[in-house]
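**Student:** Quick one: structure below, then a few questions.
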Amino acid sequence: MSLIGVLGRLLRPPACLACGLPGGWPCCACCLPPEPDAVGPWPLAADPEVAVWALGAYGDGLRAAVLAGKLDGQAAALAELGRRLGVALAAAGIGADLVTWVAAGRVAGLPRDHAERIAAGVAGALDLPLAGLLAPARGRDLGRARRARRRSGRPPSRPPPTARRRLAGGRVLLVDDLATTGGTLAGAAATLRLAGAHQVEAAVLAAAPAALQAGQWRAGGGGRAVPR
């Protein structure tokens, strides 16, 4: 970073990615409470055998912060949010042997390592090894598949990722950035179980109500979705 950039950060601390509050980077206490009321676990709608953990609902300030970190290329912000997720999971007493992530392929030659950055923060906070167990799913990019679905009215076809290695049992914590339908997590979890994992749980920064089994979310203050 240039000297001008360093001085600028000293004079004006980095702002919250969601609301712009100075000094609130990556997400201020109003947009993301330091100690979430509950982080899970909740059963995944697409596969109830998979327990899902999340910092909060996919909406309001948390959604804005996550999307800003992804779209603005702020890898450090995603890693810090991952660290916060890991701290919350540790406080909740989660048990795992290692952490992995949902790998994404390249689009237009650009890397998309959002989940890996978040997983690194989670693994560091939990003091667990981080391992790339999954290769990117073949087929079209998920965003493109969703756009095609809107045009055609048919559900997107996207195969699950493939495993890079066999596993001799163990408990795997699978990390992704967001859970909107839960389909990606379900496919990745199934791959890890077929590869030999004894137990797979998932952790995301934010989850949409549709990703969780019916009845797991209710409306909170201000219309915000919160766990039931």
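For the structure tokens, the naming scheme is as follows: chains receive sequential letters (A, B, ...) according to their order of presentation, residues are indexed from 1 within each chain, and ligands are indexed from 1 in presentation order.
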Using only C-alpha atoms, determine which residues lie at most 7 Å from A:Val87, disregarding the query and same-chain residues fewer than 4 positions distant; provide the list as a PyMOL selection string.

**Tutor:** chain A and resi 83+91+125-126

**Student:** Within 8 Å of stretch 183-186 of chain A, counting only C-alpha atoms, which residues show up once you throw out same-chain ones fewer than 6 positions away? Write them as a PyMOL selection string, please.

**Tutor:** chain A and resi 44+46-47+50+102+160+174+176+202+211

**Student:** Save the residues we just selected, N, CA and C atoms, as a CSV table (one decimal), in the first residue's frame?

**Tutor:**
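part-v3.csv was written with the following content:
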```
chain,number,residue,atom,x,y,z
A,44,LEU,N,-30.2,-28.6,7.3
A,44,LEU,CA,-30.2,-28.0,5.9
A,44,LEU,C,-31.4,-28.6,5.2
A,46,ALA,N,-32.1,-29.0,2.0
A,46,ALA,CA,-31.8,-30.0,0.9
A,46,ALA,C,-31.2,-31.3,1.4
A,47,ASP,N,-30.7,-31.3,2.7
A,47,ASP,CA,-30.2,-32.6,3.3
A,47,ASP,C,-30.2,-32.4,4.8
A,50,VAL,N,-27.3,-32.7,7.3
A,50,VAL,CA,-26.2,-31.7,7.4
A,50,VAL,C,-26.7,-30.6,8.3
A,102,VAL,N,-16.1,-25.0,-0.1
A,102,VAL,CA,-16.7,-25.3,-1.5
A,102,VAL,C,-15.9,-24.5,-2.5
A,160,PRO,N,-22.5,-32.0,-8.5
A,160,PRO,CA,-21.8,-31.7,-7.3
A,160,PRO,C,-20.3,-31.7,-7.5
A,174,LEU,N,-17.5,-28.0,6.6
A,174,LEU,CA,-17.6,-27.5,5.2
A,174,LEU,C,-18.0,-26.0,5.2
A,176,ASP,N,-18.8,-22.2,3.2
A,176,ASP,CA,-19.1,-21.5,2.0
A,176,ASP,C,-19.4,-20.1,2.4
A,202,ALA,N,-21.8,-27.9,8.1
A,202,ALA,CA,-21.6,-26.7,7.2
A,202,ALA,C,-21.6,-25.4,8.0
A,211,ALA,N,-32.9,-22.0,2.8
A,211,ALA,CA,-31.9,-23.0,2.9
A,211,ALA,C,-32.0,-23.9,4.0
```

**Student:** For the atom pair atom CA of A:Gln213 and atom CA of A:Ala168, what is the interatomic distance in Å to one decimal place?

**Tutor:**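 Pair atom CA of A:Gln213 / atom CA of A:Ala168 returns 29.5 Å.
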
**Student:** Select from stretch 71-210 of chain A everything DSSP, run on the backbone, classes as alpha helix (DSSP H), then give the selection as a PyMOL selection string.

**Tutor:** chain A and resi 71+75-92+114-126+142-152+183-194

**Student:** Selected residues, C-alpha atoms, written as a PDB file, in the first residue's frame, please.

**Tutor:**
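Below you can see result07.pdb, which holds the result:
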```pdb
ATOM      1  CA  LEU A  71     -17.623  -7.877  -5.360  1.00  0.00           C
ATOM      2  CA  ALA A  75     -10.207 -10.755   0.657  1.00  0.00           C
ATOM      3  CA  ALA A  76      -9.122  -9.477   4.066  1.00  0.00           C
ATOM      4  CA  ALA A  77     -12.719  -8.570   4.925  1.00  0.00           C
ATOM      5  CA  LEU A  78     -13.930 -12.072   4.066  1.00  0.00           C
ATOM      6  CA  ALA A  79     -11.135 -13.606   6.141  1.00  0.00           C
ATOM      7  CA  GLU A  80     -12.054 -11.391   9.108  1.00  0.00           C
ATOM      8  CA  LEU A  81     -15.735 -12.306   8.815  1.00  0.00           C
ATOM      9  CA  GLY A  82     -14.626 -15.941   8.682  1.00  0.00           C
ATOM     10  CA  ARG A  83     -12.625 -15.426  11.854  1.00  0.00           C
ATOM     11  CA  ARG A  84     -15.717 -13.994  13.561  1.00  0.00           C
ATOM     12  CA  LEU A  85     -17.684 -17.028  12.403  1.00  0.00           C
ATOM     13  CA  GLY A  86     -14.999 -19.323  13.803  1.00  0.00           C
ATOM     14  CA  VAL A  87     -15.021 -17.527  17.162  1.00  0.00           C
ATOM     15  CA  ALA A  88     -18.808 -17.898  17.332  1.00  0.00           C
ATOM     16  CA  LEU A  89     -18.562 -21.595  16.461  1.00  0.00           C
ATOM     17  CA  ALA A  90     -15.934 -22.149  19.139  1.00  0.00           C
ATOM     18  CA  ALA A  91     -18.178 -20.477  21.709  1.00  0.00           C
ATOM     19  CA  ALA A  92     -21.065 -22.713  20.597  1.00  0.00           C
ATOM     20  CA  HIS A 114     -14.228 -16.316  -1.444  1.00  0.00           C
ATOM     21  CA  ALA A 115     -15.087 -19.525   0.409  1.00  0.00           C
ATOM     22  CA  GLU A 116     -11.419 -20.401   0.849  1.00  0.00           C
ATOM     23  CA  ARG A 117     -10.702 -16.997   2.408  1.00  0.00           C
ATOM     24  CA  ILE A 118     -13.602 -17.411   4.812  1.00  0.00           C
ATOM     25  CA  ALA A 119     -12.567 -20.981   5.618  1.00  0.00           C
ATOM     26  CA  ALA A 120      -9.049 -19.797   6.452  1.00  0.00           C
ATOM     27  CA  GLY A 121     -10.493 -17.377   8.989  1.00  0.00           C
ATOM     28  CA  VAL A 122     -12.717 -20.086  10.466  1.00  0.00           C
ATOM     29  CA  ALA A 123      -9.888 -22.623  10.694  1.00  0.00           C
ATOM     30  CA  GLY A 124      -7.581 -20.103  12.342  1.00  0.00           C
ATOM     31  CA  ALA A 125     -10.148 -19.207  14.993  1.00  0.00           C
ATOM     32  CA  LEU A 126     -10.877 -22.882  15.699  1.00  0.00           C
ATOM     33  CA  LEU A 142     -24.000 -21.235 -10.575  1.00  0.00           C
ATOM     34  CA  GLY A 143     -24.835 -17.597 -11.290  1.00  0.00           C
ATOM     35  CA  ARG A 144     -25.126 -18.310 -14.993  1.00  0.00           C
ATOM     36  CA  ALA A 145     -27.238 -21.375 -14.253  1.00  0.00           C
ATOM     37  CA  ARG A 146     -29.657 -19.268 -12.215  1.00  0.00           C
ATOM     38  CA  ARG A 147     -29.936 -16.696 -14.985  1.00  0.00           C
ATOM     39  CA  ALA A 148     -30.649 -19.488 -17.455  1.00  0.00           C
ATOM     40  CA  ARG A 149     -33.311 -20.847 -15.113  1.00  0.00           C
ATOM     41  CA  ARG A 150     -35.048 -17.460 -15.023  1.00  0.00           C
ATOM     42  CA  ARG A 151     -35.080 -17.373 -18.810  1.00  0.00           C
ATOM     43  CA  SER A 152     -36.223 -20.953 -19.356  1.00  0.00           C
ATOM     44  CA  GLY A 183     -28.244 -27.193  -2.861  1.00  0.00           C
ATOM     45  CA  THR A 184     -24.528 -26.471  -3.199  1.00  0.00           C
ATOM     46  CA  LEU A 185     -23.837 -27.420   0.419  1.00  0.00           C
ATOM     47  CA  ALA A 186     -25.896 -30.591   0.110  1.00  0.00           C
ATOM     48  CA  GLY A 187     -24.004 -31.719  -2.987  1.00  0.00           C
ATOM     49  CA  ALA A 188     -20.619 -30.946  -1.455  1.00  0.00           C
ATOM     50  CA  ALA A 189     -21.513 -32.716   1.791  1.00  0.00           C
ATOM     51  CA  ALA A 190     -22.635 -35.816  -0.129  1.00  0.00           C
ATOM     52  CA  THR A 191     -19.317 -35.857  -1.984  1.00  0.00           C
ATOM     53  CA  LEU A 192     -17.359 -35.646   1.267  1.00  0.00           C
ATOM     54  CA  ARG A 193     -19.359 -38.498   2.802  1.00  0.00           C
ATOM     55  CA  LEU A 194     -18.786 -40.655  -0.287  1.00  0.00           C
TER      56      LEU A 194
END
```

**Student:** Could you work out how far atom CA of A:Glu49 lies from atom CA of A:Asp97, giving the answer in Å with one decimal?

**Tutor:**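 According to the coordinates, atom CA of A:Asp97 and atom CA of A:Glu49 are separated by 18.1 Å.
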
**Student:** Check stretch 12-202 of chain A with DSSP on the backbone and list each residue it calls strand (DSSP E or B), as number ranges by chain.

**Tutor:** A: 15, 22, 42-44, 47-57, 98-101, 107, 110, 130, 134-135, 162-163, 171-179, 199-202

**Student:** How about saving the chosen residues, N, CA and C atoms kept, as a compact mmCIF listing (two decimals), in the first residue's frame?

**Tutor:**
```
# COMPACT_ATOMS: atom_id res chain seq x y z
N ALA A 15 -14.23 1.81 6.82
CA ALA A 15 -15.65 1.86 7.18
C ALA A 15 -16.30 0.50 7.10
N PRO A 22 -17.60 4.85 9.86
CA PRO A 22 -16.13 4.90 9.97
C PRO A 22 -15.64 4.03 11.13
N TRP A 42 -28.75 -25.74 12.57
CA TRP A 42 -30.08 -25.98 12.01
C TRP A 42 -29.94 -26.97 10.87
N PRO A 43 -30.93 -27.83 10.65
CA PRO A 43 -30.85 -28.80 9.56
C PRO A 43 -30.98 -28.12 8.20
N LEU A 44 -30.16 -28.56 7.28
CA LEU A 44 -30.20 -28.05 5.91
C LEU A 44 -31.42 -28.59 5.20
N ASP A 47 -30.73 -31.34 2.68
CA ASP A 47 -30.21 -32.56 3.27
C ASP A 47 -30.22 -32.39 4.78
N PRO A 48 -31.29 -32.80 5.45
CA PRO A 48 -31.42 -32.57 6.89
C PRO A 48 -30.34 -33.23 7.73
N GLU A 49 -29.57 -34.18 7.15
CA GLU A 49 -28.47 -34.78 7.90
C GLU A 49 -27.32 -33.81 8.09
N VAL A 50 -27.30 -32.74 7.32
CA VAL A 50 -26.23 -31.74 7.42
C VAL A 50 -26.68 -30.61 8.34
N ALA A 51 -25.94 -30.39 9.40
CA ALA A 51 -26.20 -29.27 10.30
C ALA A 51 -25.52 -28.02 9.76
N VAL A 52 -26.25 -26.91 9.78
CA VAL A 52 -25.74 -25.65 9.24
C VAL A 52 -25.56 -24.63 10.37
N TRP A 53 -24.43 -23.93 10.33
CA TRP A 53 -24.14 -22.84 11.26
C TRP A 53 -24.00 -21.56 10.45
N ALA A 54 -24.43 -20.43 11.01
CA ALA A 54 -24.34 -19.15 10.29
C ALA A 54 -24.28 -18.00 11.27
N LEU A 55 -23.57 -16.94 10.86
CA LEU A 55 -23.53 -15.73 11.69
C LEU A 55 -24.89 -15.05 11.75
N GLY A 56 -25.68 -15.19 10.69
CA GLY A 56 -26.98 -14.53 10.68
C GLY A 56 -27.74 -14.83 9.41
N ALA A 57 -28.85 -14.14 9.24
CA ALA A 57 -29.71 -14.34 8.08
C ALA A 57 -29.14 -13.61 6.87
N LEU A 98 -11.20 -31.08 10.86
CA LEU A 98 -10.56 -30.20 9.88
C LEU A 98 -11.62 -29.36 9.19
N VAL A 99 -11.14 -28.34 8.48
CA VAL A 99 -12.01 -27.41 7.78
C VAL A 99 -11.70 -27.47 6.29
N THR A 100 -12.73 -27.49 5.47
CA THR A 100 -12.57 -27.38 4.02
C THR A 100 -13.59 -26.39 3.50
N TRP A 101 -13.61 -26.19 2.19
CA TRP A 101 -14.49 -25.17 1.62
C TRP A 101 -15.05 -25.64 0.28
N VAL A 107 -14.02 -17.81 -13.61
CA VAL A 107 -14.93 -17.21 -14.58
C VAL A 107 -14.18 -16.06 -15.25
N LEU A 110 -10.75 -15.13 -13.84
CA LEU A 110 -10.58 -14.53 -12.52
C LEU A 110 -10.80 -15.59 -11.44
N LEU A 130 -6.62 -26.69 7.75
CA LEU A 130 -7.40 -26.30 6.58
C LEU A 130 -6.93 -27.14 5.41
N LEU A 134 -12.12 -30.51 -1.94
CA LEU A 134 -13.05 -30.53 -3.05
C LEU A 134 -12.50 -29.82 -4.28
N ALA A 135 -12.73 -30.40 -5.43
CA ALA A 135 -12.43 -29.74 -6.70
C ALA A 135 -13.68 -29.02 -7.17
N THR A 162 -16.27 -32.69 -7.01
CA THR A 162 -15.60 -33.98 -6.87
C THR A 162 -14.58 -33.89 -5.74
N ALA A 163 -14.31 -35.04 -5.13
CA ALA A 163 -13.34 -35.10 -4.04
C ALA A 163 -11.93 -35.23 -4.59
N ARG A 171 -14.48 -35.84 11.18
CA ARG A 171 -15.55 -34.84 11.15
C ARG A 171 -15.06 -33.63 10.35
N VAL A 172 -15.78 -33.31 9.30
CA VAL A 172 -15.38 -32.23 8.39
C VAL A 172 -16.33 -31.05 8.53
N LEU A 173 -15.76 -29.86 8.68
CA LEU A 173 -16.56 -28.64 8.67
C LEU A 173 -16.42 -28.01 7.29
N LEU A 174 -17.53 -27.95 6.56
CA LEU A 174 -17.58 -27.45 5.19
C LEU A 174 -18.00 -25.98 5.20
N VAL A 175 -17.19 -25.12 4.62
CA VAL A 175 -17.43 -23.67 4.67
C VAL A 175 -17.78 -23.14 3.28
N ASP A 176 -18.76 -22.25 3.24
CA ASP A 176 -19.08 -21.49 2.02
C ASP A 176 -19.43 -20.08 2.45
N ASP A 177 -19.57 -19.17 1.48
CA ASP A 177 -19.87 -17.79 1.85
C ASP A 177 -21.33 -17.62 2.24
N LEU A 178 -22.24 -18.12 1.40
CA LEU A 178 -23.67 -17.94 1.62
C LEU A 178 -24.42 -19.25 1.37
N ALA A 179 -25.57 -19.38 1.97
CA ALA A 179 -26.48 -20.49 1.67
C ALA A 179 -27.82 -19.88 1.30
N GLN A 199 -18.66 -37.51 9.36
CA GLN A 199 -19.66 -36.49 9.65
C GLN A 199 -19.31 -35.21 8.91
N VAL A 200 -20.29 -34.55 8.35
CA VAL A 200 -20.08 -33.28 7.66
C VAL A 200 -21.07 -32.26 8.22
N GLU A 201 -20.55 -31.14 8.70
CA GLU A 201 -21.37 -30.00 9.08
C GLU A 201 -20.96 -28.83 8.21
N ALA A 202 -21.84 -27.86 8.07
CA ALA A 202 -21.59 -26.72 7.18
C ALA A 202 -21.64 -25.42 7.97
```

**Student:** Which distance in Å separates atom CA of A:Gly182 and atom CA of A:Pro159, to one decimal?

**Tutor:** 13.8 Å
